[in-house]
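Dropping structure_18.cif in here (mmCIF, C-alpha atoms):
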data_start
loop_
_atom_site.label_atom_id
_atom_site.label_comp_id
_atom_site.auth_asym_id
_atom_site.auth_seq_id
_atom_site.Cartn_x
_atom_site.Cartn_y
_atom_site.Cartn_z
CA MET A 1 17.70 -10.28 14.75
CA VAL A 2 14.12 -10.00 15.99
CA ASN A 3 14.08 -9.16 19.70
CA LEU A 4 11.02 -10.77 21.28
CA GLY A 5 9.81 -10.03 24.77
CA LYS A 6 7.93 -12.41 27.06
CA SER A 7 4.69 -11.62 25.23
CA GLY A 8 6.17 -12.70 21.91
CA LEU A 9 6.06 -9.17 20.54
CA ASP A 10 9.04 -7.52 18.89
CA ARG A 11 10.47 -4.92 21.28
CA ARG A 12 12.08 -2.74 18.62
CA ALA A 13 8.89 -2.71 16.56
CA LEU A 14 6.88 -1.84 19.68
CA ALA A 15 9.20 1.11 20.28
CA TRP A 16 8.83 2.34 16.70
CA GLY A 17 5.06 1.91 16.93
CA GLY A 18 5.05 4.01 20.10
CA VAL A 19 7.06 6.70 18.33
CA GLY A 20 4.50 6.71 15.52
CA VAL A 21 1.63 7.14 17.99
CA VAL A 22 3.37 10.00 19.81
CA LEU A 23 4.13 11.78 16.52
CA THR A 24 0.53 11.37 15.35
CA LEU A 25 -0.89 12.81 18.58
CA ALA A 26 1.68 15.62 18.61
CA LEU A 27 0.92 16.55 15.01
CA THR A 28 -2.80 16.51 15.84
CA PHE A 29 -2.29 18.85 18.78
CA LEU A 30 0.01 21.23 16.91
CA GLY A 31 -1.81 21.13 13.57
CA SER A 32 -5.20 21.80 15.17
CA ASP A 33 -3.80 24.86 16.99
CA GLY A 34 -3.91 23.26 20.42
CA LEU A 35 -7.08 21.27 19.56
CA ARG A 36 -8.91 24.49 18.71
CA TRP A 37 -9.90 23.15 15.31
CA PHE A 38 -10.18 19.52 16.36
CA ASP A 39 -13.71 18.21 15.85
CA SER A 40 -14.68 16.07 18.85
CA ALA A 41 -17.18 14.26 16.64
CA LEU A 42 -14.19 12.72 14.85
CA ILE A 43 -12.62 11.24 18.00
CA GLY A 44 -13.50 7.72 16.83
CA TYR A 45 -11.73 8.32 13.53
CA LEU A 46 -8.67 9.56 15.42
CA PHE A 47 -8.67 6.39 17.52
CA GLY A 48 -8.75 4.28 14.34
CA LEU A 49 -5.97 6.37 12.81
CA VAL A 50 -3.75 6.08 15.90
CA PHE A 51 -4.30 2.32 16.04
CA ALA A 52 -3.50 2.02 12.33
CA VAL A 53 -0.31 4.08 12.70
CA PHE A 54 0.89 1.89 15.58
CA ALA A 55 0.09 -1.42 13.90
CA ILE A 56 1.39 -0.41 10.47
CA THR A 57 4.65 0.87 11.98
CA TYR A 58 5.00 -2.29 14.06
CA ARG A 59 4.39 -4.67 11.17
CA TYR A 60 6.53 -2.67 8.75
CA SER A 61 9.43 -2.66 11.22
CA VAL A 62 9.20 -6.44 11.60
CA TRP A 63 8.79 -6.98 7.85
CA LEU A 64 11.78 -4.77 7.05
CA ARG A 65 14.07 -6.94 9.20
CA ARG A 66 13.14 -10.29 7.69
CA PRO A 67 16.13 -11.79 5.83
CA PRO A 68 14.80 -11.35 2.25
CA THR A 69 13.45 -7.84 2.88
CA ALA A 70 16.52 -6.78 4.86
CA MET A 71 18.77 -7.92 2.01
CA LEU A 72 16.74 -6.08 -0.65
CA ASN A 73 16.55 -2.97 1.50
CA ARG A 74 20.31 -2.94 2.04
CA ARG A 75 21.11 -3.65 -1.60
CA GLY A 76 18.60 -1.03 -2.75
CA TRP A 77 20.31 1.69 -0.74
CA ASP A 78 23.76 0.44 -1.80
CA SER A 79 22.67 0.55 -5.45
CA PHE A 80 21.27 4.05 -5.05
CA ARG A 81 24.52 5.32 -3.52
CA GLU A 82 26.62 3.86 -6.34
CA ARG A 83 25.22 6.44 -8.78
CA PRO A 84 23.43 9.02 -6.60
CA SER A 85 23.11 11.80 -9.20
CA ARG A 86 21.83 9.53 -11.95
CA ASN A 87 19.50 7.65 -9.59
CA LEU A 88 18.12 10.86 -8.10
CA LEU A 89 17.26 12.14 -11.58
CA SER A 90 15.50 8.89 -12.43
CA LEU A 91 13.54 8.82 -9.13
CA PRO A 92 10.52 10.89 -10.36
CA ALA A 93 10.08 8.58 -13.35
CA LEU A 94 10.27 5.50 -11.11
CA ILE A 95 7.71 6.96 -8.72
CA GLY A 96 5.42 7.69 -11.64
CA SER A 97 5.75 4.25 -13.25
CA HIS A 98 5.96 2.04 -10.14
CA LEU A 99 3.75 3.86 -7.62
CA LEU A 100 1.35 6.15 -9.51
CA VAL A 101 0.71 4.74 -12.98
CA GLN A 102 1.57 1.14 -11.97
CA GLY A 103 2.40 0.12 -15.51
CA PHE A 104 3.65 -3.28 -14.41
CA ILE A 105 0.03 -4.24 -13.61
CA ARG A 106 -1.14 -3.19 -17.07
CA LYS A 107 1.27 -5.72 -18.61
CA ARG A 108 -0.64 -8.47 -16.82
CA SER A 109 -4.18 -7.28 -17.54
CA THR A 110 -5.83 -4.01 -18.59
CA SER A 111 -8.88 -4.68 -16.42
CA ARG A 112 -6.72 -5.31 -13.35
CA TRP A 113 -4.80 -2.11 -14.05
CA LEU A 114 -8.01 -0.07 -14.39
CA ALA A 115 -9.37 -1.54 -11.15
CA HIS A 116 -6.15 -0.73 -9.31
CA GLN A 117 -6.12 2.81 -10.68
CA PHE A 118 -9.73 3.55 -9.67
CA VAL A 119 -9.23 2.14 -6.16
CA PHE A 120 -5.79 3.73 -5.77
CA TRP A 121 -6.79 7.27 -6.73
CA GLY A 122 -10.09 7.02 -4.86
CA CYS A 123 -8.29 6.00 -1.67
CA ILE A 124 -5.60 8.65 -2.18
CA LEU A 125 -8.25 11.37 -2.58
CA ALA A 126 -10.18 10.13 0.46
CA GLY A 127 -7.03 9.93 2.58
CA LEU A 128 -5.86 13.42 1.61
CA ILE A 129 -9.16 14.78 2.90
CA THR A 130 -10.11 12.50 5.78
CA ILE A 131 -6.76 12.38 7.59
CA PRO A 132 -6.19 16.17 7.72
CA LEU A 133 -9.82 16.68 8.80
CA THR A 134 -9.49 14.04 11.51
CA MET A 135 -6.26 15.55 12.85
CA GLY A 136 -7.66 19.08 12.78
CA TRP A 137 -5.25 20.30 10.10
CA LEU A 138 -8.02 21.18 7.66
CA HIS A 139 -11.11 23.29 8.26
CA PHE A 140 -13.38 25.77 6.48
CA GLN A 141 -14.40 29.27 7.56
CA SER A 142 -16.90 31.64 6.04
CA VAL A 143 -15.42 34.80 4.51
CA GLY A 144 -16.61 37.94 6.29
CA GLN A 145 -20.38 38.27 6.20
CA GLN A 146 -20.73 36.19 3.03
CA ALA A 147 -22.55 33.06 4.15
CA ASP A 148 -22.02 31.33 0.80
CA ARG A 149 -18.28 31.98 0.52
CA TYR A 150 -15.70 29.84 2.31
CA GLN A 151 -11.95 29.81 2.79
CA VAL A 152 -9.91 26.66 3.28
CA TYR A 153 -7.53 26.77 6.24
CA PHE A 154 -4.58 24.46 6.74
CA SER A 155 -4.04 24.81 10.48
CA ARG A 156 -3.73 28.61 10.93
CA VAL A 157 -2.84 29.31 7.30
CA GLY A 158 -5.64 30.48 5.03
CA THR A 159 -5.48 29.16 1.48
CA VAL A 160 -8.00 29.31 -1.37
CA SER A 161 -11.53 30.65 -1.06
CA PHE A 162 -14.56 29.64 -3.12
CA ASP A 163 -18.30 30.12 -3.52
CA ALA A 164 -20.36 27.25 -2.17
CA ALA A 165 -22.58 27.29 -5.27
CA SER A 166 -19.65 27.16 -7.73
CA ILE A 167 -18.16 24.07 -9.34
CA VAL A 168 -15.11 24.41 -7.08
CA GLY A 169 -17.41 24.60 -4.07
CA TRP A 170 -19.38 21.54 -5.15
CA LEU A 171 -16.15 19.58 -5.63
CA ALA A 172 -14.81 20.75 -2.26
CA PHE A 173 -17.89 19.55 -0.39
CA HIS A 174 -18.39 16.40 -2.48
CA ALA A 175 -14.77 15.30 -2.95
CA LEU A 176 -15.34 12.30 -0.68
CA ASP A 177 -18.34 11.32 -2.81
CA VAL A 178 -16.12 11.45 -5.90
CA ALA A 179 -13.57 9.28 -4.09
CA ALA A 180 -16.29 6.81 -3.11
CA VAL A 181 -17.50 6.50 -6.72
CA LEU A 182 -13.95 5.90 -7.95
CA VAL A 183 -13.42 3.18 -5.35
CA LEU A 184 -16.75 1.52 -6.16
CA ILE A 185 -15.93 1.39 -9.88
CA GLY A 186 -12.63 -0.31 -9.05
CA VAL A 187 -14.32 -2.72 -6.62
CA PHE A 188 -16.90 -3.78 -9.23
CA ILE A 189 -14.17 -4.37 -11.83
CA PHE A 190 -12.28 -6.49 -9.31
CA LEU A 191 -15.41 -8.46 -8.43
CA ARG A 192 -16.27 -9.09 -12.08
CA ARG A 193 -12.79 -10.46 -12.72
CA ARG A 194 -12.64 -12.55 -9.55
CA LEU A 195 -16.04 -14.13 -10.22
CA SER A 196 -15.47 -14.90 -13.91
CA ASP A 197 -11.75 -15.29 -14.60
CA PRO A 198 -10.58 -18.95 -14.19
CA GLY A 199 -7.06 -17.87 -13.25
CA ALA A 200 -8.34 -15.55 -10.51
CA LEU A 201 -10.74 -18.20 -9.21
CA ALA A 202 -7.91 -20.72 -8.95
CA VAL A 203 -5.91 -18.56 -6.55
CA GLU A 204 -8.84 -16.89 -4.76
CA ARG A 205 -8.53 -16.39 -1.00
CA SER A 206 -11.07 -15.19 1.54
CA GLY A 207 -8.90 -12.18 2.39
CA ASP A 208 -9.26 -10.88 -1.17
CA PHE A 209 -13.04 -10.53 -0.81
CA LEU A 210 -12.70 -9.12 2.71
CA ALA A 211 -10.64 -6.18 1.41
CA LEU A 212 -13.17 -5.51 -1.35
CA ALA A 213 -16.06 -5.79 1.10
CA GLY A 214 -14.41 -3.23 3.38
CA LEU A 215 -13.84 -0.76 0.54
CA PHE A 216 -17.42 -1.28 -0.63
CA ALA A 217 -18.86 -0.70 2.86
CA VAL A 218 -16.91 2.50 3.47
CA SER A 219 -17.82 3.92 0.06
CA VAL A 220 -21.53 3.02 0.13
CA THR A 221 -22.15 4.25 3.68
CA GLY A 222 -20.38 7.50 2.81
CA LEU A 223 -22.62 8.01 -0.21
CA PHE A 224 -25.67 7.25 1.95
CA LEU A 225 -24.80 10.29 4.07
CA THR A 226 -24.95 12.54 1.02
CA ILE A 227 -28.21 10.96 -0.14
CA SER A 228 -29.72 11.48 3.31
CA SER A 229 -28.71 15.14 3.53
CA THR A 230 -29.59 16.13 -0.05
CA LEU A 231 -32.54 13.94 -1.00
CA LEU A 232 -34.12 12.75 2.26
CA GLU A 233 -33.96 15.99 4.28
CA GLY A 234 -31.58 14.41 6.79
CA GLN A 235 -33.67 11.33 7.54
CA PHE A 236 -31.68 8.46 9.13
CA TYR A 237 -28.57 10.69 9.11
CA PRO A 238 -27.46 9.98 12.73
CA ALA A 239 -27.73 6.21 12.23
CA LEU A 240 -26.00 6.35 8.86
CA ASN A 241 -23.28 8.58 10.27
CA THR A 242 -22.60 6.07 13.06
CA LEU A 243 -22.57 3.21 10.57
CA HIS A 244 -20.16 5.03 8.26
CA ALA A 245 -17.86 5.92 11.14
CA LEU A 246 -17.82 2.28 12.21
CA THR A 247 -16.86 1.07 8.72
CA VAL A 248 -14.06 3.66 8.46
CA ILE A 249 -12.67 2.86 11.91
CA LEU A 250 -12.77 -0.89 11.24
CA GLY A 251 -11.16 -0.27 7.85
CA LEU A 252 -8.31 1.65 9.47
CA MET A 253 -7.84 -1.15 12.00
CA TYR A 254 -7.85 -3.75 9.20
CA LEU A 255 -5.16 -1.98 7.15
CA PRO A 256 -2.12 -3.43 8.99
CA PHE A 257 -3.40 -7.00 8.97
CA GLY A 258 -5.01 -7.54 5.58
CA LYS A 259 -4.12 -7.47 1.92
CA LEU A 260 -4.15 -3.68 1.81
CA PHE A 261 -0.91 -3.58 3.82
CA HIS A 262 0.92 -3.93 0.49
CA ILE A 263 0.15 -0.21 0.00
CA PHE A 264 2.94 0.50 2.47
CA GLN A 265 5.24 -2.19 1.09
CA ARG A 266 5.04 -0.97 -2.50
CA PRO A 267 7.53 1.96 -2.17
CA ALA A 268 10.26 -0.60 -1.41
CA ASN A 269 10.04 -1.57 -5.10
CA LEU A 270 11.95 1.60 -5.93
CA GLY A 271 15.03 0.15 -4.24
CA VAL A 272 14.47 -3.16 -6.02
CA ALA A 273 14.44 -1.31 -9.36
CA TYR A 274 17.85 0.25 -8.62
CA TYR A 275 19.17 -3.12 -7.45
CA LYS A 276 17.99 -4.86 -10.64
CA GLN A 277 19.59 -2.18 -12.82
CA VAL A 278 22.95 -2.55 -11.06
CA ASN A 279 22.79 -6.31 -11.59
CA LEU A 280 21.96 -5.88 -15.28
CA ASP A 281 24.97 -3.61 -15.73
CA GLY A 282 27.31 -5.79 -13.65
CA PRO A 283 28.92 -9.22 -14.26
CA GLN A 284 26.48 -12.00 -15.07
CA ALA A 285 26.27 -15.48 -13.58
CA GLU A 286 26.43 -18.38 -16.05
CA CYS A 287 24.11 -21.35 -15.81
CA ARG A 288 25.86 -24.47 -14.53
CA ARG A 289 24.02 -26.64 -17.10
CA CYS A 290 23.79 -24.65 -20.34
CA GLY A 291 26.53 -22.07 -19.69
CA GLU A 292 24.33 -19.10 -20.68
CA PRO A 293 24.31 -15.88 -18.60
CA PHE A 294 20.98 -15.46 -16.83
CA CYS A 295 21.35 -13.16 -13.83
CA GLY A 296 23.74 -10.84 -12.01
CA ILE A 297 26.36 -12.61 -9.91
CA GLN A 298 25.54 -10.44 -6.90
CA GLN A 299 21.85 -11.32 -7.11
CA VAL A 300 22.56 -15.06 -7.19
CA THR A 301 24.95 -14.75 -4.25
CA ASP A 302 22.40 -12.75 -2.28
CA VAL A 303 19.69 -15.37 -2.91
CA GLN A 304 22.00 -18.11 -1.64
CA LEU A 305 22.80 -16.11 1.51
CA VAL A 306 19.14 -15.43 2.26
CA LEU A 307 18.15 -19.06 1.70
CA GLU A 308 20.83 -20.16 4.17
CA GLN A 309 19.51 -17.65 6.72
CA VAL A 310 15.97 -19.07 6.50
CA GLY A 311 17.16 -22.67 6.67
CA PHE A 312 17.32 -23.83 3.03
CA ASP A 313 20.48 -25.37 1.61
CA TYR A 314 20.55 -26.10 -2.13
CA SER A 315 24.23 -27.03 -2.28
CA SER A 316 25.16 -30.28 -4.00
CA GLU A 317 27.80 -32.78 -2.89
CA ASP A 318 30.31 -31.41 -5.39
CA GLY A 319 30.04 -27.93 -3.87
CA ASP A 320 27.79 -26.50 -6.57
CA ASN A 321 24.47 -24.78 -5.83
CA TYR A 322 21.09 -25.21 -7.47
CA GLN A 323 20.68 -21.42 -7.53
CA ASN A 324 23.37 -21.34 -10.23
CA THR A 325 20.82 -22.83 -12.64
CA CYS A 326 18.95 -20.61 -15.10
CA PRO A 327 15.11 -20.63 -15.13
CA GLY A 328 14.94 -22.54 -18.41
CA CYS A 329 17.15 -25.35 -17.16
CA ARG A 330 15.21 -25.49 -13.90
CA ARG A 331 12.00 -26.11 -15.82
CA ARG A 332 13.70 -28.84 -17.83
CA GLN A 333 14.96 -30.50 -14.65
CA VAL A 334 11.48 -30.41 -13.12
CA ALA A 335 10.01 -31.95 -16.29
CA LEU A 336 12.64 -34.71 -16.29
CA ALA A 337 12.09 -35.42 -12.59
CA GLN A 338 8.33 -35.64 -13.13
CA SER A 339 8.75 -37.97 -16.09
CA LEU A 340 10.97 -40.31 -14.05
CA ARG A 341 8.33 -40.50 -11.31
CA VAL A 342 5.56 -41.47 -13.75
CA GLY A 343 7.71 -43.84 -15.80
CA GLY A 344 8.74 -41.72 -18.78
CA PHE A 345 7.04 -39.64 -21.45
CA GLY A 346 5.55 -42.49 -23.48
#
In structure tokens, what does this structure look like?
Amino acid sequence: MVNLGKSGLDRRALAWGGVGVVLTLALTFLGSDGLRWFDSALIGYLFGLVFAVFAITYRYSVWLRRPPTAMLNRRGWDSFRERPSRNLLSLPALIGSHLLVQGFIRKRSTSRWLAHQFVFWGCILAGLITIPLTMGWLHFQSVGQQADRYQVYFSRVGTVSFDAASIVGWLAFHALDVAAVLVLIGVFIFLRRRLSDPGALAVERSGDFLALAGLFAVSVTGLFLTISSTLLEGQFYPALNTLHALTVILGLMYLPFGKLFHIFQRPANLGVAYYKQVNLDGPQAECRRCGEPFCGIQQVTDVQLVLEQVGFDYSSEDGDNYQNTCPGCRRRQVALAQSLRVGGFG
């Protein structure tokens, strides 16, 4: 049950959000060697990150306890524990197909899949650099007296070193530019589809363009910083830096409330995959109209339980339930009901 306080906020989710904030600040303090390597110029980014951690943790905690999500979460873990060795071995493949490659999107549309891949990997690359830099985990030091040679430090631990003029050096200092270009390619593919595809236009919502606009703004303002420093001798850099910081901070604050929150919901699909496999291997429910098997008995039972919890009752007078109907027969029933309302097919 959701435990709401006088303010209407979920108390348990507030507690988890507070834990997330404390952990983030503690990791910042420890990872930056007591703030020794924390860049005070990034304090705004840290504020945005802390806010995002709190709000994402809060919303995820609430979402995870909703009846449908709670049921899938419980069944996913139950399914995993039924065959732990086999499921553990299959986990890397599931992570690759469901989270990294996202092959299920390619089945719908190649252009959508390409757009998702460009945006996904661009954001992953940017996050792997920006978050450690913001928290003081990552910094660069020159090697000895060599002004053009740097070593990458993760907290106190020195890792690889490179020459600034080398390809590795260029990639190290321009990795965020590479990420921005990847994101922009994905954004333009998304925009092309959303402005030309009839199916996309039919279901278009304002929030879809808001997410793309945010990604576009962060990427373009970041590239402007590089253009200013390399081609314009630093002209307008302070103003552009402030503008870029503002877009990043607002983007972090938008994450928990907009369409991009599904980034954090997506890993739950791994449990759904295990749950679906268990249902495929288990006893099947037969359609009450045509008698054909169409779904696992457990899945049908779970759907009925969840629908009751959210206030929907599809039981008939004879004790049967509409959820015992296969998809094909449901479509036939809808067609028959529509025909009766308009006076038949003729």
Discussion item. Just want the 8 Å neighbourhood of range 17-22 of chain A, counted on all atoms listed in the file, with same-chain residues fewer than 2 positions away dropped. Output as a VMD selection string.
Written reply: chain A and resid 13 to 15 24 to 26 50 to 51 53 to 58
Worksheet item: So what does the PyMOL selection byres ((chain A and resi 36) around 12) actually pick up in this one, as a list in words?
Response: Thr28, Phe29, Leu30, Gly31, Ser32, Asp33, Gly34, Leu35, Trp37, Phe38, Asp39, Ser40, Met135, Gly136, Trp137, Leu138, His139, Ser155 and Arg156 of chain A
Item to complete: Find the distance between CA of Trp121 in chain A and CA of Ala211 in chain A and write it in Å to one decimal.
Response: 16.2 Å
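For the structure in this document, the set picked by the PyMOL selection byres ((chain A and resi 215) around 10) is A:Val119, A:Cys123, A:Ala180, A:Val183, A:Leu184, A:Gly186, A:Val187, A:Phe209, A:Leu210, A:Ala211, A:Leu212, A:Ala213, A:Gly214, A:Phe216, A:Ala217, A:Val218, A:Ser219, A:Val220, A:Thr247, A:Val248, A:Gly251.
Here, the PyMOL selection byres ((chain A and resi 120) around 10) matches Leu99, Leu100, Val101, Gln102, Leu114, Ala115, His116, Gln117, Phe118, Val119, Trp121, Gly122, Cys123, Ile124, Leu125, Ala126, Ala179, Leu182, Val183, Gly186 and Ile263 of chain A.
For the pair CA of Gly271 in chain A and CA of Val62 in chain A, the separation is 18.1 Å.
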Worksheet entry | Between CA of Leu307 in chain A and CA of Ser339 in chain A - distance in Å to one decimal |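 Atom-to-atom, CA of Ser339 in chain A to CA of Leu307 in chain A, that is 27.6 Å.
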Give the centre and edge lengths of an axis-aligned box, in Å to one decimal, that holds all listed atoms of range 85-100 of chain A with 8 Å on each side, as lines of an AutoDock Vina configuration file.
center_x = 12.2
center_y = 7.1
center_z = -10.5
size_x = 37.8
size_y = 26.1
size_z = 21.7
Since the input lacks atoms, please generate N, CA and C atoms for range 118-150 of chain A and provide them as an mmCIF file, in the frame of the given file.
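Listed below is the output, part.cif:
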data_model
loop_
_atom_site.group_PDB
_atom_site.id
_atom_site.type_symbol
_atom_site.label_atom_id
_atom_site.label_comp_id
_atom_site.auth_asym_id
_atom_site.auth_seq_id
_atom_site.Cartn_x
_atom_site.Cartn_y
_atom_site.Cartn_z
ATOM 1 N N PHE A 118 -8.537 2.955 -10.272
ATOM 2 C CA PHE A 118 -9.730 3.550 -9.670
ATOM 3 C C PHE A 118 -9.659 3.468 -8.141
ATOM 4 N N VAL A 119 -9.314 2.309 -7.615
ATOM 5 C CA VAL A 119 -9.230 2.140 -6.160
ATOM 6 C C VAL A 119 -8.108 2.995 -5.584
ATOM 7 N N PHE A 120 -6.962 2.995 -6.266
ATOM 8 C CA PHE A 120 -5.790 3.730 -5.770
ATOM 9 C C PHE A 120 -6.090 5.220 -5.663
ATOM 10 N N TRP A 121 -6.563 5.817 -6.748
ATOM 11 C CA TRP A 121 -6.790 7.270 -6.730
ATOM 12 C C TRP A 121 -7.984 7.644 -5.855
ATOM 13 N N GLY A 122 -8.979 6.756 -5.778
ATOM 14 C CA GLY A 122 -10.090 7.020 -4.860
ATOM 15 C C GLY A 122 -9.628 7.024 -3.415
ATOM 16 N N CYS A 123 -8.797 6.060 -3.049
ATOM 17 C CA CYS A 123 -8.290 6.000 -1.670
ATOM 18 C C CYS A 123 -7.337 7.153 -1.382
ATOM 19 N N ILE A 124 -6.511 7.525 -2.367
ATOM 20 C CA ILE A 124 -5.600 8.650 -2.180
ATOM 21 C C ILE A 124 -6.396 9.937 -1.924
ATOM 22 N N LEU A 125 -7.422 10.175 -2.741
ATOM 23 C CA LEU A 125 -8.250 11.370 -2.580
ATOM 24 C C LEU A 125 -8.940 11.372 -1.214
ATOM 25 N N ALA A 126 -9.498 10.220 -0.833
ATOM 26 C CA ALA A 126 -10.180 10.130 0.460
ATOM 27 C C ALA A 126 -9.215 10.354 1.614
ATOM 28 N N GLY A 127 -8.026 9.777 1.518
ATOM 29 C CA GLY A 127 -7.030 9.930 2.580
ATOM 30 C C GLY A 127 -6.544 11.355 2.717
ATOM 31 N N LEU A 128 -6.342 12.035 1.572
ATOM 32 C CA LEU A 128 -5.860 13.420 1.610
ATOM 33 C C LEU A 128 -6.878 14.370 2.255
ATOM 34 N N ILE A 129 -8.133 13.957 2.278
ATOM 35 C CA ILE A 129 -9.160 14.780 2.900
ATOM 36 C C ILE A 129 -9.464 14.328 4.326
ATOM 37 N N THR A 130 -9.682 13.029 4.491
ATOM 38 C CA THR A 130 -10.110 12.500 5.780
ATOM 39 C C THR A 130 -9.056 12.654 6.867
ATOM 40 N N ILE A 131 -7.808 12.327 6.556
ATOM 41 C CA ILE A 131 -6.760 12.380 7.590
ATOM 42 C C ILE A 131 -6.519 13.800 8.085
ATOM 43 N N PRO A 132 -6.345 14.800 7.207
ATOM 44 C CA PRO A 132 -6.190 16.170 7.720
ATOM 45 C C PRO A 132 -7.412 16.662 8.508
ATOM 46 N N LEU A 133 -8.626 16.280 8.055
ATOM 47 C CA LEU A 133 -9.820 16.680 8.800
ATOM 48 C C LEU A 133 -9.836 16.034 10.187
ATOM 49 N N THR A 134 -9.493 14.751 10.246
ATOM 50 C CA THR A 134 -9.490 14.040 11.510
ATOM 51 C C THR A 134 -8.486 14.630 12.491
ATOM 52 N N MET A 135 -7.319 15.032 11.983
ATOM 53 C CA MET A 135 -6.260 15.550 12.850
ATOM 54 C C MET A 135 -6.392 17.055 13.097
ATOM 55 N N GLY A 136 -7.432 17.662 12.549
ATOM 56 C CA GLY A 136 -7.660 19.080 12.780
ATOM 57 C C GLY A 136 -6.780 20.001 11.970
ATOM 58 N N TRP A 137 -6.115 19.466 10.954
ATOM 59 C CA TRP A 137 -5.250 20.300 10.100
ATOM 60 C C TRP A 137 -6.082 21.129 9.124
ATOM 61 N N LEU A 138 -7.231 20.585 8.745
ATOM 62 C CA LEU A 138 -8.020 21.180 7.660
ATOM 63 C C LEU A 138 -9.376 21.608 8.194
ATOM 64 N N HIS A 139 -9.764 22.847 7.913
ATOM 65 C CA HIS A 139 -11.110 23.290 8.260
ATOM 66 C C HIS A 139 -11.524 24.429 7.327
ATOM 67 N N PHE A 140 -12.814 24.737 7.347
ATOM 68 C CA PHE A 140 -13.380 25.770 6.480
ATOM 69 C C PHE A 140 -13.976 26.881 7.340
ATOM 70 N N GLN A 141 -13.800 28.123 6.884
ATOM 71 C CA GLN A 141 -14.400 29.270 7.560
ATOM 72 C C GLN A 141 -15.092 30.146 6.523
ATOM 73 N N SER A 142 -16.216 30.715 6.941
ATOM 74 C CA SER A 142 -16.900 31.640 6.040
ATOM 75 C C SER A 142 -16.106 32.935 5.930
ATOM 76 N N VAL A 143 -16.182 33.567 4.782
ATOM 77 C CA VAL A 143 -15.420 34.800 4.510
ATOM 78 C C VAL A 143 -16.282 36.004 4.857
ATOM 79 N N GLY A 144 -15.868 36.735 5.896
ATOM 80 C CA GLY A 144 -16.610 37.940 6.290
ATOM 81 C C GLY A 144 -18.060 37.634 6.583
ATOM 82 N N GLN A 145 -18.942 38.441 6.001
ATOM 83 C CA GLN A 145 -20.380 38.270 6.200
ATOM 84 C C GLN A 145 -21.025 37.487 5.059
ATOM 85 N N GLN A 146 -20.198 36.939 4.173
ATOM 86 C CA GLN A 146 -20.730 36.190 3.030
ATOM 87 C C GLN A 146 -20.973 34.744 3.446
ATOM 88 N N ALA A 147 -22.211 34.400 3.659
ATOM 89 C CA ALA A 147 -22.550 33.060 4.150
ATOM 90 C C ALA A 147 -22.277 31.966 3.129
ATOM 91 N N ASP A 148 -22.216 32.336 1.834
ATOM 92 C CA ASP A 148 -22.020 31.330 0.800
ATOM 93 C C ASP A 148 -20.584 31.283 0.278
ATOM 94 N N ARG A 149 -19.682 31.993 0.949
ATOM 95 C CA ARG A 149 -18.280 31.980 0.520
ATOM 96 C C ARG A 149 -17.409 31.460 1.663
ATOM 97 N N TYR A 150 -16.523 30.494 1.311
ATOM 98 C CA TYR A 150 -15.700 29.840 2.310
ATOM 99 C C TYR A 150 -14.222 29.936 1.945
#
